[in-house]
Structure formats: structure tokens, C-alpha cells
Amino acid sequence: MNAPSPPSTITGDTPARPLKRLFIRTWGCQMNVYDSARMADVLAPLGYAPAEAPEDADMVVLNTCHIREKASEKLFSELGRLRVLKQAKEQGGDRMILAVAGCVAQAEGAEITARAPYVDLVLGPQTYHRLPEMVARATRAAGAVIETDFPAEEKFDFLPDSTTPQGVTAFLTIQEGCDKFCSFCVVPYTRGSEYSRSAATVIAEARRLAAQGSREIALLGQNVNAWHGEGLDGKTWNLARLLRELADIEGVARLRYTTSHPRDMDDELIAAHGDIPALMPFLHLPVQSGSDRILQAMNRGHKADDYRRIAEKLRAARPDIALSSDFIAGHPGENEADHQATMALIRDVGFALAYSFKYSSRPGTPAAGATMQVPEAEKDRRLQEIQALLREQQDGFNRSCVGRRCDVLVTGPGRHPGQLAGRSPWLQPVHFVGAGQQPGDVIAVDVAAALPNSLAVHPLERPAGNGPPETSPQPPCQEKAAA
Ligand code: 5AD
Ligand code: SF4
């Protein structure tokens, strides 16, 4: 599962005379960002062009995320604001179609139209391909149209090829859903069971992205390393095999995949990190807890030492690999010793980046009904301790990059005139004074300084885009935290 990011919007230049305009607000993970782009693709043939703001839109889609606390409160307060807009439009003789998509729509379908009867469409993540038909039905009919049926295979078969270039870095969903049923998590209920797209469709989409100018492709899935799709030879392939094929596509300089589960981190995939140069030395591998007792209560299916061993093997295969993770503080039943076991795991493994959350109960999940909920104040304290250690490790990792040489993918202009921005192999934002480099170039740089959230770098003389990708042979992140 992907760590949620702040809400984003799909906007853009509107063509001279668009028939209709579409505004999509996206909450949550990269998978939702990808889905929003695909919804825009499906609606383009109906004449919907991007709108700058909901005020300009004939249709507004709220693409929701159920992972975080208060997801539905946020949705209903946004809907309240949009209701005013919708009514104003109607008074002026215009119409605004209001749609709620994503995981909150899936989980709370009928509840949404009961509480907000002015919503026209409620659609779950597996039904976006049906949007045109739903829009037609909503336009004709009074009353809301609700579509929250699974399964994912249908969606991927029927969604049109993406037409909107994503830019230098692109996302490609290869897998959806989850069969793992972690005690705290809503994903198996909102995204359905695991489904892997075929290698042929993934490769075709990657080729299209590369032809449109994307140089880095991040493969997405709630359980992306559980991917096991039909291969080009008709046999079932695993993710390692798929990555090898994708690395051969001309124009693809960098590959990443997120989010992974430790249980699916098999030896072939670990080996792939050692011998696919395009596979970036950065892996988000959530562990959630360092206590075996809590890992068991979470139904994670692995122990803390399994995670330590995976980290060791990854570093043996690819010495410069940096790890990122997710942690939950205060899962039901967690005591001080469990918390200290999590702190110990963090110290032992060392993380370049991490997301940590206070456990919060999700209705319908096994942990929600568990006795022994941890008091809020205790969860707060544990979370603060975890975050302080992780912050120290992140700063230590960034500092360890100073003085090293690595490659940077140029993504676009920087914040200041004359500056360019890019990404290091370890996903750190990078800024430098440009000298003719273009977005899409992979350039060699020396890291000059670690700033709070980025690296300052100096480009080297090596001509842009020439030569193989290169990262420093030393492992910048293996110094464990200063703690
Ligand atoms: N409470 C707290 N954190 C959660 N996550 C998922 N569900 C919950 C919950 N109920 C966290 C996990 C997951 C990340 C995306 O969100 O750490 O990996
Ligand atoms: Fe949720 Fe666990 Fe599945 Fe990740 S593996 S999506 S945390 S149920």
C-alpha cells in the first residue's frame, strides 16, 4: 500500500472551446493519482477538458482515500462547499455533475448519497471504465448512480490507453487489491482481491509512456511485489521477470516499484536489485512493527528478523540501496516492550525515509473490534519517539550523501531562475544551476550539501544523457542512525 500524500488536482490548459470542463481532486496514494488521470482519459472522448478550479467545472470528481482518519469527514465538508457551487450553477441554468470516487466511495456508497443527496455519482475504484455510461445515466436521470462492484480485471480490459503524457516520471498500475487482510487495513475491503495485469498490457503501456517522454516509470500496486501476471510466453511471470523486460524498453532509464510486502520479497526479486541497473537503489518496504507479537496480531505473516534478513540480503545484492518503511504506533495490544522492539528494529535496519502513523481504528477491520486499545496519549508518545528516531536517520542518510557522486534525472525547472530540479536515485529532490540540461536527461553530479528536504548538487562535465547510470559504489545509507 502506498503512503498517502496531500491532495492534488488535475488541471491544465483548456483547449480553445472545450465542450465541458472537468475538475478532479485527488486524495491519498499514487494509485489514486494514476486513477484520476485514467478517469480524465475516459472522459476526454465525451468532451471533458481539464478545468482550473471547481468553479469552472461542469463535472467535479472527488477521488477519495480511506486510509487516513477522518476521511469521510473531510469528504463531507468538501461536498458541503461544492453543494453551494452546484446550486449557484443550477440557479444560472447550468448543471454540475458531482461524483465521489475512490475508496471512501467504495466503503460508504449508499451512506454518501443518503447524507449528500445532491451527489450524482458514487463509483468504486474498479468501475472507472464505466464512467461515460454513468455520466450519461446521471445526465438523464434524477437520483444518484452508484457503482461499487468489483472486479479489477474488467476495469483494466476496458479503460482506454492513456493519452495524456505524464512527464519525465510516470506511474503505471500493474496490480490492484490485496488478499493479505492485515488487521488494521481497509484496502482488502475497498480495492478487492489481488489482481495482476498481464505483462503484455503493462509492457505496451510502458512503451507508450517512454514514447511520450517518460524516463522513469514507477510500477504501482497495493501489493506490487505480489504481481504474478501472464507473461509474454503464456506462463506466469513474477515481478523480477517483468522488471527485466521493462528495463529493456528504449528510453526507460529508471524503474521503481511500490508498495511491497516483506512476504513477497523473494530471492529472485532481491537478485534483480543487484543486476538491473535501471532498478533504482531505493525500496519502500513497510514493516509496521518490530514486535513479533504485534506482527502476529496484525496478521502480517512474517517476523521482525525476517525483515532484518531481507534488508541484509538487499544490501548484499545492491550495496547502495536505501530503505523506506511504514510504522504504526499503538496497534491494539501493543505494550512498552513491543514499542521498544519497534525502536530496536529501526536502529538495526536504518531507514532513509519512513512514514509513521498512530493506529486509528477503521470500521469493519479486525483490529477495530479488538480489546486492549492503547490510550491516545500513549500512542502519541510512542509515535513521537518513533518519528524522532526516523527523522535522525533520514537526516543522517541525507548527510551521508554529501561528497558523493550519483546520477540525477532532470525533471524540470527549479524554484529559482536558472535552476533545474531533479531526483536522486534515492528519491531526494535535487536542485542545481542548469547549463543546457533538459528535462529527461540523466546527468552525473557531485552532492554538495544536504538541505532540510533536498540535496544541492553540482553537475559534472560528463555530457547529459551519455553513459550508463551510475551511483557511488559505497552505501550512503548504511551508516546506522547516529542514535
Ligand atoms: N491506522 C494507522 N495507520 C494505518 N495504515 C493503514 N491503516 C492504518 C490504520 N488503521 C498505514 C500503514 C500502511 C500505510 C499506508 O498506512 O502503515 O502501510
Ligand atoms: Fe493493507 Fe496489509 Fe494489504 Fe498492505 S498488505 S494493503 S497493509 S492489508
# chains A, B, ... in the order shown; residues from 1 in each chain; ligands from 1

$ closest_atom_pairs --of "chain A" --to "ligand 2" --cutoff "8 Å" --atoms "only C-alpha atoms and all ligand atoms" --output "CSV"
residue,atom,partner,partner_atom_place_in_ligand_line,distance
A:Met1,CA,ligand 2,6 (S),4.6
A:Gly177,CA,ligand 2,6 (S),7.1
A:Cys178,CA,ligand 2,3 (Fe),4.7
A:Asp179,CA,ligand 2,3 (Fe),6.4
A:Lys180,CA,ligand 2,3 (Fe),4.9
A:Phe181,CA,ligand 2,8 (S),4.1
A:Cys182,CA,ligand 2,8 (S),4.1
A:Ser183,CA,ligand 2,8 (S),7.2
A:Phe184,CA,ligand 2,7 (S),7.4
A:Cys185,CA,ligand 2,1 (Fe),4.5
A:Val186,CA,ligand 2,1 (Fe),6.4
A:Val187,CA,ligand 2,1 (Fe),5.0
A:Pro188,CA,ligand 2,8 (S),5.7
A:Gln222,CA,ligand 2,6 (S),5.1
A:Asn223,CA,ligand 2,5 (S),6.2
A:Thr259,CA,ligand 2,4 (Fe),7.8
A:Ser260,CA,ligand 2,4 (Fe),7.8
A:His261,CA,ligand 2,5 (S),6.1
A:Arg300,CA,ligand 2,2 (Fe),6.9

$ residues_near_ligand --ligand "ligand 1" --cutoff "6 Å" --atoms "only C-alpha atoms and all ligand atoms" --output "JSON, numbers by chain"
{"A": [1, 2, 3, 67, 184, 185, 286, 288, 326, 327, 328, 357, 358, 359, 360, 361, 362]}

$ write_last_selection --atoms "C-alpha atoms" --output "CSV table (one decimal), in the first residue's frame"
chain,number,residue,atom,x,y,z
A,1,MET,CA,0.0,0.0,0.0
A,2,ASN,CA,1.2,3.4,-0.8
A,3,ALA,CA,1.8,6.1,1.8
A,67,ILE,CA,-6.6,5.0,4.8
A,184,PHE,CA,-5.8,-2.6,10.7
A,185,CYS,CA,-6.3,-2.1,7.0
A,286,PRO,CA,6.6,-1.4,5.1
A,288,GLN,CA,4.6,-1.7,10.5
A,326,ASP,CA,5.8,2.4,7.3
A,327,PHE,CA,5.2,2.1,11.0
A,328,ILE,CA,2.1,2.0,13.2
A,357,PHE,CA,1.2,6.7,11.9
A,358,LYS,CA,-0.8,6.5,15.1
A,359,TYR,CA,-3.0,3.5,15.0
A,360,SER,CA,-6.6,4.6,14.3
A,361,SER,CA,-9.5,2.2,14.0
A,362,ARG,CA,-11.2,1.5,10.7

$ select_by_dssp --residues "region 294-473 of chain A" --states "strand (DSSP E or B)" --output "PyMOL selection string"
chain A and resi 322-329+353-358+405-413+419-423+429-433+442-450+455-459+471

$ residues_around --residues "Val252 (chain A)" --least-positions-apart "3" --cutoff "8 Å" --atoms "only C-alpha atoms" --output "VMD selection string"
chain A and resid 210 214 to 217 246 to 249 255 278

$ residues_around --residues "Arg382 (chain A)" --least-positions-apart "4" --cutoff "9 Å" --atoms "only C-alpha atoms" --output "ChimeraX atom specification"
/A:329-330,336,339,358,377-378,386-387

$ write_last_selection --atoms "C-alpha atoms" --output "PDB file, in the first residue's frame"
ATOM      1  CA  ALA A 329       2.330   3.153  16.782  1.00  0.00           C
ATOM      2  CA  GLY A 330      -0.173   1.754  19.255  1.00  0.00           C
ATOM      3  CA  GLU A 336       6.022  -0.848  26.009  1.00  0.00           C
ATOM      4  CA  HIS A 339       7.201  -0.483  21.178  1.00  0.00           C
ATOM      5  CA  LYS A 358      -0.758   6.484  15.105  1.00  0.00           C
ATOM      6  CA  ALA A 377      -1.673   9.744  24.997  1.00  0.00           C
ATOM      7  CA  GLU A 378       0.428   6.578  24.952  1.00  0.00           C
ATOM      8  CA  ILE A 386       9.489   6.612  16.534  1.00  0.00           C
ATOM      9  CA  GLN A 387       9.387   9.802  14.491  1.00  0.00           C
TER      10      GLN A 387
END
